[in-house]
Amino acid sequence: MDDNKRKKEYLRKLESKKLKKSPEYKELSFSAGVTWVFALLFALSGYSFITGKVTVTPLILAAAFAVEGVVQLILLHRMRAALLKSKPISRAMRLSGILLLAFVVTGNIFAAVAGFTLIKKQRTLEYTMTVYAAITTLGVIMVSGLNLFKEYVANNFMLGMGLLVAFLVFYLLTLLFIHLWERDGKVDKKLLPVGVLLIISAISGNVFALIAGMLIISHYRHQGEDRAIEWRDIWERLFRNKMAVMGMLVVVFLLSLSLASALTFDYGVAIDNNYDAILRPVSMEYPFGTDNYGRCVFTRIVFGARISLIVGVCVTVLPMIVGGILGAAAGFFGKRADNIIMRLLDVQYAVPDMLLAIAIIAAFGANTVNLILALSIGMVAVYARTVRATVLGLANAEFVEAARSCGARDWNIIFRHIIPNSLAPIIVRSTMGIGTAVLSTSSLSYLGLGVEPHIPEWGNILKIGSQYLETNPYLAIFPGLAIILLVLAFNFFGDGLRDALDPKLK
Amino acid sequence: MGKTAAAWGPLPRTRIRTYFKKMYARPIYRLLLILLGLPTTLMVLVKHLVFSNSASYDKLRADLEAEFKTSGLLEKLKAQALESERNKSKFLKRSVSDEQLKVRADKVAKKKYDQALQEELTNRMRREKIHSPDMLSTYLEWLDNPAFFWVSVITSLPMYLLVWIYSKPYAKYISERLFMMIFVMIGVIVLVFTILYLTPMDPARNILGANATVEKVAEFKRLYGLDQPYLVQLGNTIKKFFTLDLGISYVGNEDIASALMRRFPITVQLSLASMLVSILIAIPSGIISSIKQYSAFDYIFMLVALLGLSIPNFWLGLILILNFSIRLGWLPAMYDATKLVTLIMPAIVMGTGLSASVARMTRSSMLEVKNQDYILTARAKGLSERRVIFKHILGNAMIPIVTVIGLQFGGILGGSATTEKVFNVNGLGKYIVDKQFIPDIPVVMAGVVYIAIVISIVNLLVDILYAFLDPRIKSSLKNY
């Protein structure tokens with residue numbers, strides 16, 4: 001490498017370092033990139049290279065996203081010029097964030113996030129959380145709104161939509177309140193009721209609102225104190241990781257959607273046969289088409305999210321409790337107990353979980369409860385091993401010894417030191433575990449061994465779709481995409497959590 | 001050569017003695033020693049009962065205890081312990097009642113007193129050449145006498161073989177693992193049998209239909225041994241697995257062992273093909289990702305890898321069939337054992353998840369090694385970049401990668417059912433799933449247990465491979 005080249009390389013690195021310091025720039029460049037990827041994906045799905053068929057709707061979306069992408073690139077270019085001259089982002093530039101917010105009409109939430117980031121100069125974690133809460137609610141409103149194209153809507157549709165819109169307005173107002181009453185790291189007392197309301201609004205499944213409320217209240221209570229609050233740091237680290245936040249957004253969105261669907265979606269459309277509308281193609285009325293009984297696949301997928309989430313959480317929590325107790329006992333009581341427990345769990349570990357589940361379901365029949373039990377039993381050994389390894393590592397850790405030498409009692413050491421410190425690996429494993437459980441559930445349902453066939457579960461929907469692969473391939477494509485989306489979201493979130501919880505990276 | 005000959009030759013008696021002592025201290029080995037050397041055990045037992053010099057030992061102990069009592073050591077220790085307990089509570093600023101302090105101090109003092117007594121006892125015994133009256137010392141005396149020793153070698157060779165195995169680290173490691181594996185296998189049989197035994201459904205009624213007469217049902221149960229108690233059935237099942245005679249299936253009177261053997265090679269072929277595919281993709285991309293960390297390739301590839309972990313197998317299979325069989329017509333959708341082309345799609349589908357996890361593991365394990373000091377040394381001494389990457393980094397990062405491949409092999413075998421169902425592969429997974437609807441319990445049982453056993457064997461082989469390849473494991477084996 002000659003000197004000139006090296007100099008160029010160095011300057012390039014210096015520039016990118018400068019740019020990376022600005023969260024607005026990072027957010028906008030991420031959003032621009034994702035917008036272009038989506039534009040490309042829509043274009044590809046609108047025109048099939050194999051059959052040469054052209055579908056109009058995706059192409060329109062592709063064009064819209066392309067326009068948005070161009071706008072964002074222009075903004076990005078100007079911001080880059082400003083930042084490289086070490087100038088602050090101008091007011092006009094910040095106001096153009098409103099334009100980005102408007103892009104949400106086409107479903108471009110990435111641009112919306114970038115817009116919210118651009119508008120406000122000093123953003124606190126509370127602000128960011130509320131932004132995501134608002135975006136989640138907006139997404140639920142938009143998806144529920146698709147029901148308006150149907151012949152009829154659910155009885156409680158207007159009530160549900162009204163509530164959702166009220167929540168959205170409240171979140172937007174909260175953003176304003178945070179802007180007004182949270183200055184220079186100080187929280188005004190007037191913000192407290194807002195925080196309480198945020199927590200209450202979390203009944204809609206909006207975890208972002210819950211966290212935002214808790215952040216506001218804890219911020220108020222601890223203000224002026226010069227100490228770091230552990231869990232606030234964790235969220236801050238997590239929100240630096242774009243993909244992890246996107247994963248969390250998808251999970252919270254699906255959670256909110258499945259709660260809202262109780263009001264805004266009609267369960268009848270998902271399960272009742274409608275012989276007038278058999279195997280309809282994709283349209284506004286039936287966004288994902290209809291299956292061989294004339295049931296709306298879109299509605300079925302929405303209701304399927306509920307089952308996937310419930311099964312996923314159960315299959316994670318149950319073995320976590322059982323395995324956690326067994327693993328902790330093995331780690332604590334040492335030698336004899338350790339040997340017996342771990343050898344017995346080795347037996348369970350030797351049978352692949354899919355096969356164990358198949359054997360259990362063969363014996364007890366295929367239904368949701370048996371499925372949950374079957375998958376849970378297969379996971380016990382994994383959690384027990386994780387907990388045991390952590391407990392063994394911690395029991396000999398220096399800080400535990402320090403606590404002991406200071407005269408701390410056993411239960412104090414267990415609850416104050418060992419449990420909080422052993423949570424991280426378990427949380428990470430369980431987040432990833434939910435994704436795996438969703439995959440196993442749909443696989444078993446596909447084989448006819450999982451959820452009862454009449455319940456709209458993603459694997460069941462796919463099973464029907466696979467029979468019409470030649471004529472109506474979308475019946476199999478969309479439920480699969482839903483599974484991938486949820487599992488991928490959990491994997492990204494889990495990956496991000498692992499990095500955020502890893503104290504070595506602090 | 002001479003050294004090898006010595007290492008493999010007969011063990012000198014003194015070494016046998018030390019190993020024997022070590023083994024005797026561990027319950028399972030003690031049991032094995034007693035059982036394998038039954039003739040010697042009996043002779044030693046007779047000698048022990050007749051000649052054991054427990055009288056002199058008892059006398060010594062009684063004398064010593066009396067001596068200690070008169071010396072007032074216990075009182076002195078108690079006072080000391082009480083003092084230190086007091087200081088402790090004062091330092092920690094804790095108010096503890098005097099009574100509690102005294103109880104604690106007494107406990108500590110008693111422990112110390114017992115220790116001192118035991119120590120003195122062993123000292124005296126050594127001085128006065130009195131042996132403690134347990135079986136071990138009688139055993140050791142037996143070994144010390146050459147004539148008796150040779151008699152025992154002739155009568156109970158298996159015991160000495162066990163001692164010989166124990167003396168060789170590798171042999172010991174492998175046989176311990178094998179022993180564990182047999183235990184796990186029996187455990188797996190018991191687990192799966194119990195699950196299937198607890199079924200609330202009546203297989204006889206299911207298969208013969210609701211209209212079957214009582215006699216017919218009874219005949220069916222007798223034929224398959226279902227009328228016997230749990231433990232007898234369990235015993236029969238375990239025996240069946242070890243004699244490889246798995247009986248016949250409920251439906252179709254098929255010989256289960258031969259049916260499994262017909263399908264097993266297909267599943268293994270599929271698994272191996274998918275492993276090959278995934279290793280070919282995963283390891284190179286993992287290497288590039290780690291060498292060019294934070295590059296565009298790294299980001300994109302790790303995104304793709306995470307995507308690979310999140311795709312359901314059967315969906316990927318359906319999409320591949322849709323595009324490559326239905327639309328393009330390049331590859332046949334159905335598997336055909338005679339055509340190798342049909343193996344491509346199932347192998348890709350089954351290999352996706354595996355390649356994703358192997359690639360992630362390759363990357364993280366290489367990253368860990370990349371920043372070690374010895375890599376810096378390798379670079380400093382002027383090795384070419386290629387040599388550093390492949391010999392030094394990859395070589396040292398290989399162990400976790402091989403572990404993941406070994407572990408995932410189990411996952412592939414166990415999860416083959418969905419892929420086999422999609423591509424209509426007549427393999428083991430599909431067979432089990434098809435039969436479980438009946439439910440044909442002996443078939444499900446045999447299939448699940450056999451796959452579990454194969455996976456255990458593969459994992460054992462991987463572990464043993466390590467013991468030979470990894471110098472760290474090698475040295476730790478020699479020390480334990």
# chains A, B, ... in the order shown; residues from 1 in each chain; ligands from 1
>>> select_by_dssp(residues="stretch 73-288 of chain B", states="helix (DSSP H, G or I)", output="NGL selection string")
:B and (73-91 or 98-128 or 135-144 or 146-155 or 157-167 or 169-197 or 203-208 or 214-223 or 230-243 or 256-288)
>>> residues_around(residues="B:Ser357", least_positions_apart="5", cutoff="10 Å", atoms="only C-alpha atoms", output="mmCIF file with C-alpha atoms, in the first residue's frame")
data_model
loop_
_atom_site.group_PDB
_atom_site.id
_atom_site.type_symbol
_atom_site.label_atom_id
_atom_site.label_comp_id
_atom_site.auth_asym_id
_atom_site.auth_seq_id
_atom_site.Cartn_x
_atom_site.Cartn_y
_atom_site.Cartn_z
ATOM 1 C CA SER B 278 -23.800 -27.013 5.314
ATOM 2 C CA ALA B 282 -20.790 -22.461 6.622
ATOM 3 C CA GLY B 286 -17.710 -18.060 8.890
ATOM 4 C CA ALA B 305 -27.420 -16.916 9.010
ATOM 5 C CA LEU B 306 -29.965 -15.678 11.536
ATOM 6 C CA GLY B 308 -31.498 -19.488 8.200
ATOM 7 C CA LEU B 309 -32.062 -20.273 11.869
ATOM 8 C CA THR B 352 -29.968 -24.684 6.296
ATOM 9 C CA THR B 362 -17.166 -20.571 13.289
ATOM 10 C CA ARG B 363 -17.274 -16.804 13.338
ATOM 11 C CA ILE B 401 -17.076 -25.922 15.660
ATOM 12 C CA VAL B 404 -21.671 -27.848 17.239
ATOM 13 C CA ILE B 405 -21.540 -30.099 14.193
ATOM 14 C CA GLN B 408 -26.483 -30.623 15.427
#
>>> interface_residues(of="chain A", to="chain B", cutoff="9 Å", atoms="only C-alpha atoms", output="PyMOL selection string")
chain A and resi 50-51+343-344+346-348+350-356+358-365+406-407+435-436+439-440+442-444+446-447+449+462+466+469-470+473+476-477+480-481+483-489+491-492
>>> closest_residue(among="B:Leu74, B:Ile238, B:Ile287, B:Val163", to="B:Phe301", atoms="only C-alpha atoms")
B:Ile287
>>> select_by_dssp(residues="stretch 62-307 of chain A", states="strand (DSSP E)", output="list in words")
Glu182, Arg183, Lys186 and Val187 of chain A
>>> write_last_selection(atoms="N, CA and C atoms", output="CSV table (one decimal), in the first residue's frame")
chain,number,residue,atom,x,y,z
A,182,GLU,N,-39.4,17.5,30.3
A,182,GLU,CA,-38.2,16.8,30.7
A,182,GLU,C,-37.0,17.6,30.0
A,183,ARG,N,-36.4,18.4,30.8
A,183,ARG,CA,-35.3,19.2,30.3
A,183,ARG,C,-34.0,19.0,31.1
A,186,LYS,N,-33.8,16.5,33.9
A,186,LYS,CA,-34.7,16.7,35.0
A,186,LYS,C,-36.1,16.4,34.6
A,187,VAL,N,-36.8,15.6,35.4
A,187,VAL,CA,-38.2,15.3,35.1
A,187,VAL,C,-39.1,16.1,36.0
>>> atom_distance(atom1="atom CA of B:Ala273", atom2="atom CA of B:Met350")
9.0 Å
>>> atom_distance(atom1="atom CA of A:Ala134", atom2="atom CA of A:Tyr171")
5.5 Å
>>> atom_distance(atom1="atom CA of A:Leu19", atom2="atom CA of A:Leu75")
13.9 Å
>>> closest_residue(among="B:Ser167, B:Thr342, B:Ser295, B:Gln115", to="B:Tyr19", atoms="only C-alpha atoms")
B:Ser167
>>> residues_around(residues="stretch 371-374 of chain A", least_positions_apart="2", cutoff="8 Å", atoms="only C-alpha atoms", output="PyMOL selection string")
chain A and resi 311+314-315+356-358+360-361+366-369+376-378+441+449-451
>>> residues_around(residues="A:Ser96", least_positions_apart="2", cutoff="12 Å", atoms="only C-alpha atoms", output="list in words")
Leu28, Val71, Gln72, Ile74, Leu75, Leu76, Arg78, Met79, Ile89, Ser90, Arg91, Ala92, Met93, Arg94, Ile98, Leu99, Leu100, Leu101, Ala102, Phe103, Ala111, Ala112, Ala114, Gly115, Phe116, Thr117, Leu118, Ile119 and Lys120 of chain A
>>> residues_around(residues="A:Asp499", least_positions_apart="4", cutoff="12 Å", atoms="only C-alpha atoms", output="PDB file with N, CA and C atoms, in the first residue's frame")
ATOM      1  N   ILE A 234     -29.198  -1.193  30.712  1.00  0.00           N
ATOM      2  CA  ILE A 234     -29.407  -2.328  29.809  1.00  0.00           C
ATOM      3  C   ILE A 234     -30.265  -1.918  28.623  1.00  0.00           C
ATOM      4  N   TRP A 235     -31.359  -1.181  28.911  1.00  0.00           N
ATOM      5  CA  TRP A 235     -32.205  -0.738  27.799  1.00  0.00           C
ATOM      6  C   TRP A 235     -31.443   0.198  26.885  1.00  0.00           C
ATOM      7  N   GLU A 236     -30.639   1.058  27.478  1.00  0.00           N
ATOM      8  CA  GLU A 236     -29.887   1.994  26.644  1.00  0.00           C
ATOM      9  C   GLU A 236     -28.956   1.243  25.699  1.00  0.00           C
ATOM     10  N   ARG A 237     -28.275   0.220  26.255  1.00  0.00           N
ATOM     11  CA  ARG A 237     -27.373  -0.577  25.407  1.00  0.00           C
ATOM     12  C   ARG A 237     -28.166  -1.307  24.341  1.00  0.00           C
ATOM     13  N   LEU A 238     -29.345  -1.846  24.751  1.00  0.00           N
ATOM     14  CA  LEU A 238     -30.153  -2.602  23.789  1.00  0.00           C
ATOM     15  C   LEU A 238     -30.611  -1.704  22.653  1.00  0.00           C
ATOM     16  N   PHE A 239     -30.981  -0.452  22.977  1.00  0.00           N
ATOM     17  CA  PHE A 239     -31.522   0.426  21.943  1.00  0.00           C
ATOM     18  C   PHE A 239     -30.444   0.992  21.031  1.00  0.00           C
ATOM     19  N   ARG A 240     -29.199   0.715  21.345  1.00  0.00           N
ATOM     20  CA  ARG A 240     -28.139   1.081  20.407  1.00  0.00           C
ATOM     21  C   ARG A 240     -28.067   0.061  19.271  1.00  0.00           C
ATOM     22  N   ASN A 241     -28.605  -1.132  19.533  1.00  0.00           N
ATOM     23  CA  ASN A 241     -28.548  -2.199  18.539  1.00  0.00           C
ATOM     24  C   ASN A 241     -29.830  -2.190  17.716  1.00  0.00           C
ATOM     25  N   MET A 243     -30.981  -3.826  15.104  1.00  0.00           N
ATOM     26  CA  MET A 243     -31.695  -5.047  14.759  1.00  0.00           C
ATOM     27  C   MET A 243     -32.448  -5.602  15.973  1.00  0.00           C
ATOM     28  N   ALA A 244     -31.844  -5.462  17.149  1.00  0.00           N
ATOM     29  CA  ALA A 244     -32.516  -5.962  18.352  1.00  0.00           C
ATOM     30  C   ALA A 244     -33.804  -5.182  18.584  1.00  0.00           C
ATOM     31  N   ALA A 424     -29.134 -13.281  33.552  1.00  0.00           N
ATOM     32  CA  ALA A 424     -28.804 -12.900  32.181  1.00  0.00           C
ATOM     33  C   ALA A 424     -28.774 -14.088  31.216  1.00  0.00           C
ATOM     34  N   PRO A 425     -27.976 -15.126  31.484  1.00  0.00           N
ATOM     35  CA  PRO A 425     -27.953 -16.234  30.521  1.00  0.00           C
ATOM     36  C   PRO A 425     -29.310 -16.902  30.353  1.00  0.00           C
ATOM     37  N   ILE A 427     -32.308 -15.404  30.688  1.00  0.00           N
ATOM     38  CA  ILE A 427     -33.173 -14.541  29.875  1.00  0.00           C
ATOM     39  C   ILE A 427     -32.835 -14.702  28.397  1.00  0.00           C
ATOM     40  N   VAL A 428     -31.528 -14.686  28.107  1.00  0.00           N
ATOM     41  CA  VAL A 428     -31.125 -14.793  26.704  1.00  0.00           C
ATOM     42  C   VAL A 428     -31.576 -16.130  26.127  1.00  0.00           C
ATOM     43  N   PHE A 492     -33.306 -11.991  16.806  1.00  0.00           N
ATOM     44  CA  PHE A 492     -32.604 -10.705  16.828  1.00  0.00           C
ATOM     45  C   PHE A 492     -32.645 -10.093  18.231  1.00  0.00           C
ATOM     46  N   PHE A 493     -33.839 -10.157  18.827  1.00  0.00           N
ATOM     47  CA  PHE A 493     -34.008  -9.596  20.158  1.00  0.00           C
ATOM     48  C   PHE A 493     -33.101 -10.326  21.153  1.00  0.00           C
ATOM     49  N   GLY A 494     -33.075 -11.649  21.037  1.00  0.00           N
ATOM     50  CA  GLY A 494     -32.234 -12.442  21.939  1.00  0.00           C
ATOM     51  C   GLY A 494     -30.757 -12.120  21.754  1.00  0.00           C
ATOM     52  N   ASP A 495     -30.338 -12.009  20.490  1.00  0.00           N
ATOM     53  CA  ASP A 495     -28.944 -11.651  20.207  1.00  0.00           C
ATOM     54  C   ASP A 495     -28.587 -10.311  20.834  1.00  0.00           C
ATOM     55  N   PRO A 503     -21.880  -8.209  30.762  1.00  0.00           N
ATOM     56  CA  PRO A 503     -21.160  -7.155  31.475  1.00  0.00           C
ATOM     57  C   PRO A 503     -19.748  -6.944  30.948  1.00  0.00           C
ATOM     58  N   LYS A 504     -19.251  -7.922  30.205  1.00  0.00           N
ATOM     59  CA  LYS A 504     -17.887  -7.768  29.688  1.00  0.00           C
ATOM     60  C   LYS A 504     -17.791  -6.633  28.685  1.00  0.00           C
ATOM     61  N   LEU A 505     -18.953  -6.331  28.035  1.00  0.00           N
ATOM     62  CA  LEU A 505     -18.922  -5.296  27.000  1.00  0.00           C
ATOM     63  C   LEU A 505     -19.078  -3.898  27.585  1.00  0.00           C
ATOM     64  N   LYS A 506     -19.394  -3.837  28.883  1.00  0.00           N
ATOM     65  CA  LYS A 506     -19.676  -2.540  29.501  1.00  0.00           C
ATOM     66  C   LYS A 506     -18.532  -1.559  29.321  1.00  0.00           C
TER      67      LYS A 506
END
>>> residues_around(residues="B:Ala81", least_positions_apart="6", cutoff="12 Å", atoms="only C-alpha atoms", output="ChimeraX atom specification")
/B:74-75,87-88,101-113
>>> residues_around(residues="B:Leu340", least_positions_apart="4", cutoff="12 Å", atoms="only C-alpha atoms", output="VMD selection string")
chain B and resid 266 269 to 270 273 331 to 332 334 to 336 344 to 347
